[in-house]
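What follows is one structure encoded as structure tokens, with my remarks underneath.
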Amino acid sequence: MERFTGFIAGLGTSAGRRLVVGHWTDPPLGAFTDVMTEDRDGLRSLLAPNRAVADYVSVTYRFDEVV
């Protein structure tokens, strides 16, 4: 099992938007920050700093769009 050291914060709005920010200081891929957004219809998007991080995170969670 790989371990990540860092921080995660999330919030939701009354309009139905969710936002989760992860800031990882010591993961296997090197330090990075990623963001997940979800709209009120359930469309989930991942904002990642590079393709390697996007691919890694997308194995664990489902996203409709990766940027």
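In the structure tokens, each chain is lettered A, B, ... as it comes, each chain's residues begin at 1, and ligands are numbered from 1 in order of appearance.
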
Hey, could you make a per-residue contact list for range 21-58 of chain A against range 2-16 of chain A with 8 Å as the cut-off, showing the nearest pair of atoms and its distance in Å to one decimal, counting only C-alpha atoms, sorted by chain and number, as CSV?
```
residue,atom,partner,partner_atom,distance
A:Val21,CA,A:Ala9,CA,5.4
A:Gly22,CA,A:Ile8,CA,4.3
A:His23,CA,A:Phe7,CA,5.2
A:Trp24,CA,A:Gly6,CA,4.2
A:Thr25,CA,A:Gly6,CA,5.1
A:Asp26,CA,A:Thr5,CA,5.2
A:Pro27,CA,A:Phe4,CA,4.6
A:Pro28,CA,A:Glu2,CA,7.2
A:Asp39,CA,A:Gly16,CA,6.2
A:Arg40,CA,A:Gly16,CA,4.3
```

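In this model, the gap between CA of Gly30 in chain A and CA of Leu43 in chain A comes to 28.0 Å.
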
Original post:
chain A: which residues are alpha helix (DSSP H) by DSSP, as a list in words?
Top reply: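 Put together, the selection reads Arg51, Ala52, Val53, Ala54, Asp55, Tyr56, Val57, Ser58, Val59 and Thr60 of chain A.
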
task = Can you pull out every residue within 12 Å of Ala54 in chain A, counting only C-alpha atoms, but drop anything in the same chain fewer than 5 positions away, and send it as a list in words?
result =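 Once the nearby chain positions are removed, what remains is Leu29, Phe32, Thr33, Asp34, Val35, Met36, Ser45, Leu46, Leu47, Ala48, Pro49, Val59, Thr60, Tyr61, Arg62, Phe63, Glu65, Val66 and Val67 of chain A.
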
Store the residues picked out above, limited to N, CA, C and O atoms, as a PDB file, in the first residue's frame.
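After the write, again27.pdb holds the following:
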```pdb
ATOM      1  N   LEU A  29       4.663  10.047  -6.376  1.00  0.00           N
ATOM      2  CA  LEU A  29       4.932  10.798  -7.604  1.00  0.00           C
ATOM      3  C   LEU A  29       5.620  12.139  -7.369  1.00  0.00           C
ATOM      4  O   LEU A  29       5.806  12.905  -8.299  1.00  0.00           O
ATOM      5  N   PHE A  32       2.451  17.359  -5.005  1.00  0.00           N
ATOM      6  CA  PHE A  32       1.506  17.946  -5.956  1.00  0.00           C
ATOM      7  C   PHE A  32       0.232  18.364  -5.241  1.00  0.00           C
ATOM      8  O   PHE A  32      -0.040  17.948  -4.119  1.00  0.00           O
ATOM      9  N   THR A  33      -0.559  19.183  -5.925  1.00  0.00           N
ATOM     10  CA  THR A  33      -1.887  19.588  -5.476  1.00  0.00           C
ATOM     11  C   THR A  33      -2.871  19.226  -6.577  1.00  0.00           C
ATOM     12  O   THR A  33      -2.590  19.434  -7.758  1.00  0.00           O
ATOM     13  N   ASP A  34      -4.013  18.637  -6.187  1.00  0.00           N
ATOM     14  CA  ASP A  34      -5.059  18.326  -7.160  1.00  0.00           C
ATOM     15  C   ASP A  34      -6.393  18.825  -6.631  1.00  0.00           C
ATOM     16  O   ASP A  34      -6.545  19.078  -5.441  1.00  0.00           O
ATOM     17  N   VAL A  35      -7.342  18.999  -7.549  1.00  0.00           N
ATOM     18  CA  VAL A  35      -8.658  19.531  -7.197  1.00  0.00           C
ATOM     19  C   VAL A  35      -9.729  18.681  -7.854  1.00  0.00           C
ATOM     20  O   VAL A  35      -9.619  18.340  -9.033  1.00  0.00           O
ATOM     21  N   MET A  36     -10.756  18.329  -7.100  1.00  0.00           N
ATOM     22  CA  MET A  36     -11.926  17.644  -7.642  1.00  0.00           C
ATOM     23  C   MET A  36     -13.110  18.577  -7.467  1.00  0.00           C
ATOM     24  O   MET A  36     -13.310  19.144  -6.395  1.00  0.00           O
ATOM     25  N   SER A  45     -15.096  16.473 -12.045  1.00  0.00           N
ATOM     26  CA  SER A  45     -13.906  16.850 -12.810  1.00  0.00           C
ATOM     27  C   SER A  45     -12.691  16.828 -11.905  1.00  0.00           C
ATOM     28  O   SER A  45     -12.761  17.231 -10.739  1.00  0.00           O
ATOM     29  N   LEU A  46     -11.579  16.356 -12.455  1.00  0.00           N
ATOM     30  CA  LEU A  46     -10.297  16.368 -11.756  1.00  0.00           C
ATOM     31  C   LEU A  46      -9.392  17.368 -12.436  1.00  0.00           C
ATOM     32  O   LEU A  46      -9.234  17.343 -13.662  1.00  0.00           O
ATOM     33  N   LEU A  47      -8.806  18.251 -11.648  1.00  0.00           N
ATOM     34  CA  LEU A  47      -7.782  19.174 -12.136  1.00  0.00           C
ATOM     35  C   LEU A  47      -6.462  18.692 -11.548  1.00  0.00           C
ATOM     36  O   LEU A  47      -6.285  18.692 -10.325  1.00  0.00           O
ATOM     37  N   ALA A  48      -5.568  18.235 -12.408  1.00  0.00           N
ATOM     38  CA  ALA A  48      -4.302  17.656 -11.961  1.00  0.00           C
ATOM     39  C   ALA A  48      -3.136  18.398 -12.612  1.00  0.00           C
ATOM     40  O   ALA A  48      -3.272  18.913 -13.725  1.00  0.00           O
ATOM     41  N   PRO A  49      -1.977  18.414 -11.949  1.00  0.00           N
ATOM     42  CA  PRO A  49      -0.853  19.171 -12.493  1.00  0.00           C
ATOM     43  C   PRO A  49      -0.165  18.520 -13.694  1.00  0.00           C
ATOM     44  O   PRO A  49       0.532  19.199 -14.438  1.00  0.00           O
ATOM     45  N   VAL A  59      -7.324   6.166 -11.148  1.00  0.00           N
ATOM     46  CA  VAL A  59      -7.447   4.731 -10.860  1.00  0.00           C
ATOM     47  C   VAL A  59      -8.274   4.520  -9.585  1.00  0.00           C
ATOM     48  O   VAL A  59      -8.994   3.539  -9.455  1.00  0.00           O
ATOM     49  N   THR A  60      -8.176   5.470  -8.665  1.00  0.00           N
ATOM     50  CA  THR A  60      -8.861   5.353  -7.374  1.00  0.00           C
ATOM     51  C   THR A  60     -10.263   5.932  -7.394  1.00  0.00           C
ATOM     52  O   THR A  60     -11.171   5.390  -6.769  1.00  0.00           O
ATOM     53  N   TYR A  61     -10.463   7.030  -8.112  1.00  0.00           N
ATOM     54  CA  TYR A  61     -11.742   7.724  -8.134  1.00  0.00           C
ATOM     55  C   TYR A  61     -12.244   7.852  -9.566  1.00  0.00           C
ATOM     56  O   TYR A  61     -11.460   7.893 -10.503  1.00  0.00           O
ATOM     57  N   ARG A  62     -13.561   7.973  -9.727  1.00  0.00           N
ATOM     58  CA  ARG A  62     -14.183   8.120 -11.051  1.00  0.00           C
ATOM     59  C   ARG A  62     -14.383   9.601 -11.347  1.00  0.00           C
ATOM     60  O   ARG A  62     -14.895  10.363 -10.529  1.00  0.00           O
ATOM     61  N   PHE A  63     -13.985   9.990 -12.557  1.00  0.00           N
ATOM     62  CA  PHE A  63     -14.164  11.376 -13.008  1.00  0.00           C
ATOM     63  C   PHE A  63     -14.775  11.360 -14.395  1.00  0.00           C
ATOM     64  O   PHE A  63     -14.479  10.491 -15.207  1.00  0.00           O
ATOM     65  N   GLU A  65     -14.433  14.098 -16.309  1.00  0.00           N
ATOM     66  CA  GLU A  65     -13.516  14.947 -17.067  1.00  0.00           C
ATOM     67  C   GLU A  65     -12.213  15.061 -16.295  1.00  0.00           C
ATOM     68  O   GLU A  65     -12.216  15.163 -15.068  1.00  0.00           O
ATOM     69  N   VAL A  66     -11.110  15.011 -17.002  1.00  0.00           N
ATOM     70  CA  VAL A  66      -9.789  15.194 -16.387  1.00  0.00           C
ATOM     71  C   VAL A  66      -9.078  16.291 -17.148  1.00  0.00           C
ATOM     72  O   VAL A  66      -8.968  16.250 -18.367  1.00  0.00           O
ATOM     73  N   VAL A  67      -8.607  17.282 -16.398  1.00  0.00           N
ATOM     74  CA  VAL A  67      -7.905  18.425 -16.986  1.00  0.00           C
ATOM     75  C   VAL A  67      -6.515  18.508 -16.371  1.00  0.00           C
ATOM     76  O   VAL A  67      -6.368  18.367 -15.174  1.00  0.00           O
TER      77      VAL A  67
END
```

| task | Pull the strand (DSSP E or B) assignments for chain A out of DSSP run on the backbone, and list those residues as a PyMOL selection string. | result | chain A and resi 6-12+18-24+32-38+44-47+65-66

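Atom pair CA of Thr37 in chain A / CA of Arg18 in chain A has a distance of 5.5 Å (rounded to one decimal).
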